[in-house]
Amino acid sequence: MLGQICRDILSIRIDSEKLLSVSHLNNHYLESEDIKIKIIAPVCTDHSFEISASGSYKYTFESVGSCIGLAASKAIKGLKHLKCMVEDCPTIVGMIQIKILIGDFEARQSNLKALNLSLEEFISCIDGSVDAFSKASGYSCSRFTSVCGGLEKWKKMEKALRLFHDLNNFESLVENHNEFDSAKRLISRIPLYRRWFGEQKD
């Protein structure tokens with residue numbers, strides 16, 4: 001019961017950011033419960049980027065570093081904001097477990113070739129980012145594929161997920177998961193994908 005109430009409060013605050021009265025959530029409700037609200041945030045690797053004269057960021061995909069990447073730094077800010085939204089309710093704060101997953105699944109051969117990195121060098125960059133993020137944020141952080149037993153198991157799982165959800169191309173994504181408004185998202189990301197994969201890629 002308490003867990004559901006806390007999840008509802010957190011969901012409402014995330015959705016509207018209007019603070020609610022939570023004075024009825026007393027600690028005695030937790031005597032026989034060990035309830036956690038798990039927040040898992042996958043983020044991109046530490047891709048190189050540049051800052052324009054206007055102050056906006058643009059990925060260049062020329063290299064991968066071992067620091068806190070642009071996406072990860074935004075995640076830190078977002079998670080701090082999330083905790084501020086519920087800091088008046090220690091019960092919810094105590095329930096929240098945060099885990100950051102840095103995208104080692106990007107270690108595809110095409111990416112490694114474009115970056116002129118071996119698989120070992122790429123994974124070393126990921127591990128450096130994991131350490132940097134953990135030290136800077138205090139949150140639990142690991143490689144993305146750690147949740148499924150490593151990179152090779154993830155590759156098999158990805159194939160199974162694509163088959164199960166019929167996600168073989170963009171058309172199947174739109175047809176089977178139209179709640180994401182994929183066409184709009186794709187159009188907004190075309191410049192990014194061209195920088196990442198090259199102008200000639202379909």
# chains A, B, ... in the order shown; residues from 1 in each chain; ligands from 1
>>> residues_around(residues="Leu186 of chain A", least_positions_apart="4", cutoff="12 Å", atoms="only C-alpha atoms", output="PDB file with N, CA and C atoms, in the first residue's frame")
ATOM      1  N   PHE A 170      12.521   0.448 -39.712  1.00  0.00           N
ATOM      2  CA  PHE A 170      11.783   1.613 -39.231  1.00  0.00           C
ATOM      3  C   PHE A 170      10.277   1.444 -39.434  1.00  0.00           C
ATOM      4  N   GLU A 171       9.892   0.828 -40.543  1.00  0.00           N
ATOM      5  CA  GLU A 171       8.468   0.642 -40.824  1.00  0.00           C
ATOM      6  C   GLU A 171       7.800  -0.223 -39.751  1.00  0.00           C
ATOM      7  N   LEU A 173       8.787  -0.521 -36.679  1.00  0.00           N
ATOM      8  CA  LEU A 173       8.741   0.278 -35.450  1.00  0.00           C
ATOM      9  C   LEU A 173       7.509   1.166 -35.443  1.00  0.00           C
ATOM     10  N   VAL A 174       7.263   1.849 -36.546  1.00  0.00           N
ATOM     11  CA  VAL A 174       6.105   2.746 -36.640  1.00  0.00           C
ATOM     12  C   VAL A 174       4.808   1.961 -36.537  1.00  0.00           C
ATOM     13  N   PHE A 180       5.137   5.995 -29.795  1.00  0.00           N
ATOM     14  CA  PHE A 180       6.368   6.754 -29.617  1.00  0.00           C
ATOM     15  C   PHE A 180       6.504   7.919 -30.590  1.00  0.00           C
ATOM     16  N   ASP A 181       5.589   8.043 -31.557  1.00  0.00           N
ATOM     17  CA  ASP A 181       5.700   9.072 -32.594  1.00  0.00           C
ATOM     18  C   ASP A 181       7.104   9.036 -33.199  1.00  0.00           C
ATOM     19  N   SER A 182       7.477   7.863 -33.682  1.00  0.00           N
ATOM     20  CA  SER A 182       8.838   7.610 -34.146  1.00  0.00           C
ATOM     21  C   SER A 182       9.247   8.503 -35.310  1.00  0.00           C
ATOM     22  N   ILE A 190      17.876  13.170 -37.397  1.00  0.00           N
ATOM     23  CA  ILE A 190      18.600  12.884 -38.632  1.00  0.00           C
ATOM     24  C   ILE A 190      19.969  13.569 -38.679  1.00  0.00           C
ATOM     25  N   PRO A 191      20.082  14.858 -38.316  1.00  0.00           N
ATOM     26  CA  PRO A 191      21.422  15.486 -38.331  1.00  0.00           C
ATOM     27  C   PRO A 191      22.413  14.760 -37.419  1.00  0.00           C
ATOM     28  N   LEU A 192      21.937  14.316 -36.251  1.00  0.00           N
ATOM     29  CA  LEU A 192      22.809  13.583 -35.329  1.00  0.00           C
ATOM     30  C   LEU A 192      23.247  12.266 -35.945  1.00  0.00           C
ATOM     31  N   TYR A 193      22.300  11.524 -36.528  1.00  0.00           N
ATOM     32  CA  TYR A 193      22.635  10.228 -37.117  1.00  0.00           C
ATOM     33  C   TYR A 193      23.602  10.386 -38.294  1.00  0.00           C
ATOM     34  N   ARG A 194      23.462  11.458 -39.062  1.00  0.00           N
ATOM     35  CA  ARG A 194      24.374  11.673 -40.195  1.00  0.00           C
ATOM     36  C   ARG A 194      25.797  11.913 -39.713  1.00  0.00           C
TER      37      ARG A 194
END
>>> select_by_dssp(residues="segment 126-192 of chain A", states="strand (DSSP E or B)", output="PyMOL selection string")
chain A and resi 140-143
>>> write_last_selection(atoms="C-alpha atoms", output="mmCIF file, in the first residue's frame")
data_model
loop_
_atom_site.group_PDB
_atom_site.id
_atom_site.type_symbol
_atom_site.label_atom_id
_atom_site.label_comp_id
_atom_site.auth_asym_id
_atom_site.auth_seq_id
_atom_site.Cartn_x
_atom_site.Cartn_y
_atom_site.Cartn_z
ATOM 1 C CA SER A 140 25.579 3.190 -8.637
ATOM 2 C CA CYS A 141 26.983 2.958 -12.165
ATOM 3 C CA SER A 142 28.035 0.097 -14.443
ATOM 4 C CA ARG A 143 28.215 -0.961 -18.079
#
>>> residues_around(residues="Ser134 of chain A", least_positions_apart="2", cutoff="12 Å", atoms="only C-alpha atoms", output="PyMOL selection string")
chain A and resi 67-68+72-73+76+98-102+127-132+136-143
>>> closest_residue(among="A:His177, A:Lys135, A:Asn169, A:Lys159", to="Asp202 of chain A", atoms="only C-alpha atoms")
A:Asn169
>>> closest_residue(among="A:Pro42, A:Leu70, A:Leu117, A:Ser172", to="Val147 of chain A", atoms="only C-alpha atoms")
A:Pro42
>>> atom_distance(atom1="atom CA of Trp154 of chain A", atom2="atom CA of His47 of chain A")
21.3 Å
>>> select_by_dssp(residues="chain A", states="helix (DSSP H, G or I)", output="PyMOL selection string")
chain A and resi 2-16+27-30+70-85+90-95+104-106+109-115+119-137+144-148+151-164+170-176+178-180+182-197
>>> closest_residue(among="A:Phe164, A:Tyr57, A:Phe133, A:Phe197", to="Thr45 of chain A", atoms="only C-alpha atoms")
A:Phe133
>>> atom_distance(atom1="atom CA of Cys84 of chain A", atom2="atom CA of Ser66 of chain A")
28.5 Å
>>> residues_around(residues="segment 50-53 of chain A", least_positions_apart="5", cutoff="12 Å", atoms="only C-alpha atoms", output="MDAnalysis selection string")
chainID A and resid 58:63 70
>>> closest_residue(among="A:Ile96, A:Met85, A:Ile40, A:Val64", to="Phe122 of chain A", atoms="only C-alpha atoms")
A:Val64
>>> atom_distance(atom1="atom CA of Val43 of chain A", atom2="atom CA of Ala75 of chain A")
7.7 Å
>>> decode(residues="segment 50-198 of chain A", atoms="C-alpha atoms", output="mmCIF file, in the first residue's frame")
data_model
loop_
_atom_site.group_PDB
_atom_site.id
_atom_site.type_symbol
_atom_site.label_atom_id
_atom_site.label_comp_id
_atom_site.auth_asym_id
_atom_site.auth_seq_id
_atom_site.Cartn_x
_atom_site.Cartn_y
_atom_site.Cartn_z
ATOM 1 C CA GLU A 50 31.631 20.760 -29.657
ATOM 2 C CA ILE A 51 29.948 23.867 -28.323
ATOM 3 C CA SER A 52 28.588 26.400 -30.792
ATOM 4 C CA ALA A 53 28.782 30.175 -30.429
ATOM 5 C CA SER A 54 25.208 30.139 -29.131
ATOM 6 C CA GLY A 55 26.189 27.714 -26.368
ATOM 7 C CA SER A 56 24.405 24.651 -27.773
ATOM 8 C CA TYR A 57 26.102 21.253 -27.876
ATOM 9 C CA LYS A 58 26.676 19.102 -30.940
ATOM 10 C CA TYR A 59 28.152 15.611 -30.983
ATOM 11 C CA THR A 60 31.043 15.136 -33.419
ATOM 12 C CA PHE A 61 31.546 11.358 -32.852
ATOM 13 C CA GLU A 62 35.244 11.749 -33.625
ATOM 14 C CA SER A 63 36.360 10.017 -30.440
ATOM 15 C CA VAL A 64 35.214 8.405 -27.203
ATOM 16 C CA GLY A 65 36.578 9.495 -23.835
ATOM 17 C CA SER A 66 36.633 7.993 -20.371
ATOM 18 C CA CYS A 67 35.076 10.881 -18.456
ATOM 19 C CA ILE A 68 31.484 11.876 -17.717
ATOM 20 C CA GLY A 69 29.871 12.223 -21.113
ATOM 21 C CA LEU A 70 27.379 14.880 -22.171
ATOM 22 C CA ALA A 71 24.373 12.577 -21.703
ATOM 23 C CA ALA A 72 25.667 11.355 -18.337
ATOM 24 C CA SER A 73 26.209 14.900 -17.066
ATOM 25 C CA LYS A 74 22.613 15.729 -17.994
ATOM 26 C CA ALA A 75 21.499 12.600 -16.142
ATOM 27 C CA ILE A 76 23.265 13.809 -12.993
ATOM 28 C CA LYS A 77 21.406 17.133 -13.172
ATOM 29 C CA GLY A 78 18.105 15.390 -13.851
ATOM 30 C CA LEU A 79 18.510 12.984 -10.946
ATOM 31 C CA LYS A 80 19.439 15.805 -8.581
ATOM 32 C CA HIS A 81 16.276 17.608 -9.641
ATOM 33 C CA LEU A 82 14.269 14.430 -9.104
ATOM 34 C CA LYS A 83 15.536 14.086 -5.542
ATOM 35 C CA CYS A 84 14.809 17.763 -4.846
ATOM 36 C CA MET A 85 11.206 17.126 -5.868
ATOM 37 C CA VAL A 86 10.743 14.679 -2.983
ATOM 38 C CA GLU A 87 13.218 15.977 -0.403
ATOM 39 C CA ASP A 88 10.276 16.966 1.834
ATOM 40 C CA CYS A 89 9.347 13.265 2.083
ATOM 41 C CA PRO A 90 12.216 11.216 3.556
ATOM 42 C CA THR A 91 10.152 8.034 3.116
ATOM 43 C CA ILE A 92 10.262 8.369 -0.671
ATOM 44 C CA VAL A 93 13.909 9.481 -0.690
ATOM 45 C CA GLY A 94 14.814 6.336 1.240
ATOM 46 C CA MET A 95 12.972 4.144 -1.238
ATOM 47 C CA ILE A 96 14.700 5.480 -4.340
ATOM 48 C CA GLN A 97 17.494 3.357 -5.810
ATOM 49 C CA ILE A 98 19.296 4.848 -8.799
ATOM 50 C CA LYS A 99 21.467 2.948 -11.262
ATOM 51 C CA ILE A 100 23.211 4.453 -14.282
ATOM 52 C CA LEU A 101 24.090 2.197 -17.223
ATOM 53 C CA ILE A 102 26.713 3.468 -19.685
ATOM 54 C CA GLY A 103 26.275 2.229 -23.248
ATOM 55 C CA ASP A 104 28.934 -0.394 -23.903
ATOM 56 C CA PHE A 105 26.440 -1.926 -26.373
ATOM 57 C CA GLU A 106 27.768 0.712 -28.792
ATOM 58 C CA ALA A 107 30.853 -1.501 -29.220
ATOM 59 C CA ARG A 108 29.687 -2.595 -32.660
ATOM 60 C CA GLN A 109 32.321 -3.265 -35.275
ATOM 61 C CA SER A 110 31.226 -0.300 -37.403
ATOM 62 C CA ASN A 111 31.599 2.065 -34.454
ATOM 63 C CA LEU A 112 34.973 0.626 -33.450
ATOM 64 C CA LYS A 113 36.218 1.005 -37.015
ATOM 65 C CA ALA A 114 35.007 4.614 -37.259
ATOM 66 C CA LEU A 115 36.659 5.447 -33.930
ATOM 67 C CA ASN A 116 39.831 3.503 -34.771
ATOM 68 C CA LEU A 117 39.562 1.628 -31.468
ATOM 69 C CA SER A 118 39.843 -2.014 -30.523
ATOM 70 C CA LEU A 119 37.072 -3.583 -28.463
ATOM 71 C CA GLU A 120 39.400 -3.618 -25.456
ATOM 72 C CA GLU A 121 40.187 0.096 -25.846
ATOM 73 C CA PHE A 122 36.507 0.960 -26.170
ATOM 74 C CA ILE A 123 35.570 -1.041 -23.051
ATOM 75 C CA SER A 124 38.442 0.631 -21.180
ATOM 76 C CA CYS A 125 36.872 4.017 -22.031
ATOM 77 C CA ILE A 126 33.506 2.793 -20.756
ATOM 78 C CA ASP A 127 35.045 1.573 -17.501
ATOM 79 C CA GLY A 128 36.763 4.944 -17.057
ATOM 80 C CA SER A 129 33.415 6.684 -17.482
ATOM 81 C CA VAL A 130 31.791 4.301 -14.999
ATOM 82 C CA ASP A 131 34.428 5.163 -12.389
ATOM 83 C CA ALA A 132 34.227 8.898 -13.105
ATOM 84 C CA PHE A 133 30.446 8.937 -12.898
ATOM 85 C CA SER A 134 30.345 6.912 -9.676
ATOM 86 C CA LYS A 135 32.854 9.212 -7.967
ATOM 87 C CA ALA A 136 31.216 12.435 -9.140
ATOM 88 C CA SER A 137 27.582 11.516 -8.490
ATOM 89 C CA GLY A 138 27.588 8.924 -5.721
ATOM 90 C CA TYR A 139 25.110 6.833 -7.728
ATOM 91 C CA SER A 140 25.579 3.190 -8.637
ATOM 92 C CA CYS A 141 26.983 2.958 -12.165
ATOM 93 C CA SER A 142 28.035 0.097 -14.443
ATOM 94 C CA ARG A 143 28.215 -0.961 -18.079
ATOM 95 C CA PHE A 144 24.804 -1.272 -19.734
ATOM 96 C CA THR A 145 25.284 -4.924 -20.604
ATOM 97 C CA SER A 146 26.061 -5.850 -16.995
ATOM 98 C CA VAL A 147 22.311 -6.290 -16.485
ATOM 99 C CA CYS A 148 22.238 -9.254 -18.866
ATOM 100 C CA GLY A 149 25.573 -10.959 -18.326
ATOM 101 C CA GLY A 150 27.885 -9.040 -20.637
ATOM 102 C CA LEU A 151 28.243 -7.837 -24.205
ATOM 103 C CA GLU A 152 27.915 -11.190 -25.982
ATOM 104 C CA LYS A 153 24.763 -12.135 -24.074
ATOM 105 C CA TRP A 154 23.335 -8.686 -24.813
ATOM 106 C CA LYS A 155 23.852 -9.235 -28.554
ATOM 107 C CA LYS A 156 21.837 -12.462 -28.369
ATOM 108 C CA MET A 157 19.182 -10.780 -26.231
ATOM 109 C CA GLU A 158 18.939 -7.844 -28.644
ATOM 110 C CA LYS A 159 18.277 -10.230 -31.540
ATOM 111 C CA ALA A 160 15.612 -12.024 -29.503
ATOM 112 C CA LEU A 161 13.965 -8.712 -28.529
ATOM 113 C CA ARG A 162 13.900 -7.524 -32.143
ATOM 114 C CA LEU A 163 12.292 -10.794 -33.201
ATOM 115 C CA PHE A 164 9.800 -10.829 -30.321
ATOM 116 C CA HIS A 165 8.703 -7.213 -30.891
ATOM 117 C CA ASP A 166 9.017 -7.379 -34.697
ATOM 118 C CA LEU A 167 11.530 -4.533 -34.829
ATOM 119 C CA ASN A 168 13.400 -5.278 -38.042
ATOM 120 C CA ASN A 169 13.240 -1.853 -39.658
ATOM 121 C CA PHE A 170 11.783 1.613 -39.231
ATOM 122 C CA GLU A 171 8.468 0.642 -40.824
ATOM 123 C CA SER A 172 7.904 -2.134 -38.283
ATOM 124 C CA LEU A 173 8.741 0.278 -35.450
ATOM 125 C CA VAL A 174 6.105 2.746 -36.640
ATOM 126 C CA GLU A 175 3.520 0.028 -37.252
ATOM 127 C CA ASN A 176 3.953 -1.856 -33.970
ATOM 128 C CA HIS A 177 4.874 0.974 -31.588
ATOM 129 C CA ASN A 178 3.158 4.095 -32.897
ATOM 130 C CA GLU A 179 2.783 5.452 -29.347
ATOM 131 C CA PHE A 180 6.368 6.754 -29.617
ATOM 132 C CA ASP A 181 5.700 9.072 -32.594
ATOM 133 C CA SER A 182 8.838 7.610 -34.146
ATOM 134 C CA ALA A 183 8.644 9.642 -37.354
ATOM 135 C CA LYS A 184 8.846 12.926 -35.457
ATOM 136 C CA ARG A 185 11.725 11.633 -33.324
ATOM 137 C CA LEU A 186 13.616 10.363 -36.362
ATOM 138 C CA ILE A 187 13.274 13.660 -38.238
ATOM 139 C CA SER A 188 14.641 15.573 -35.249
ATOM 140 C CA ARG A 189 17.612 13.187 -34.966
ATOM 141 C CA ILE A 190 18.600 12.884 -38.632
ATOM 142 C CA PRO A 191 21.422 15.486 -38.331
ATOM 143 C CA LEU A 192 22.809 13.583 -35.329
ATOM 144 C CA TYR A 193 22.635 10.228 -37.117
ATOM 145 C CA ARG A 194 24.374 11.673 -40.195
ATOM 146 C CA ARG A 195 27.271 12.892 -38.047
ATOM 147 C CA TRP A 196 27.451 9.481 -36.353
ATOM 148 C CA PHE A 197 27.012 7.096 -39.292
ATOM 149 C CA GLY A 198 27.975 9.266 -42.267
#
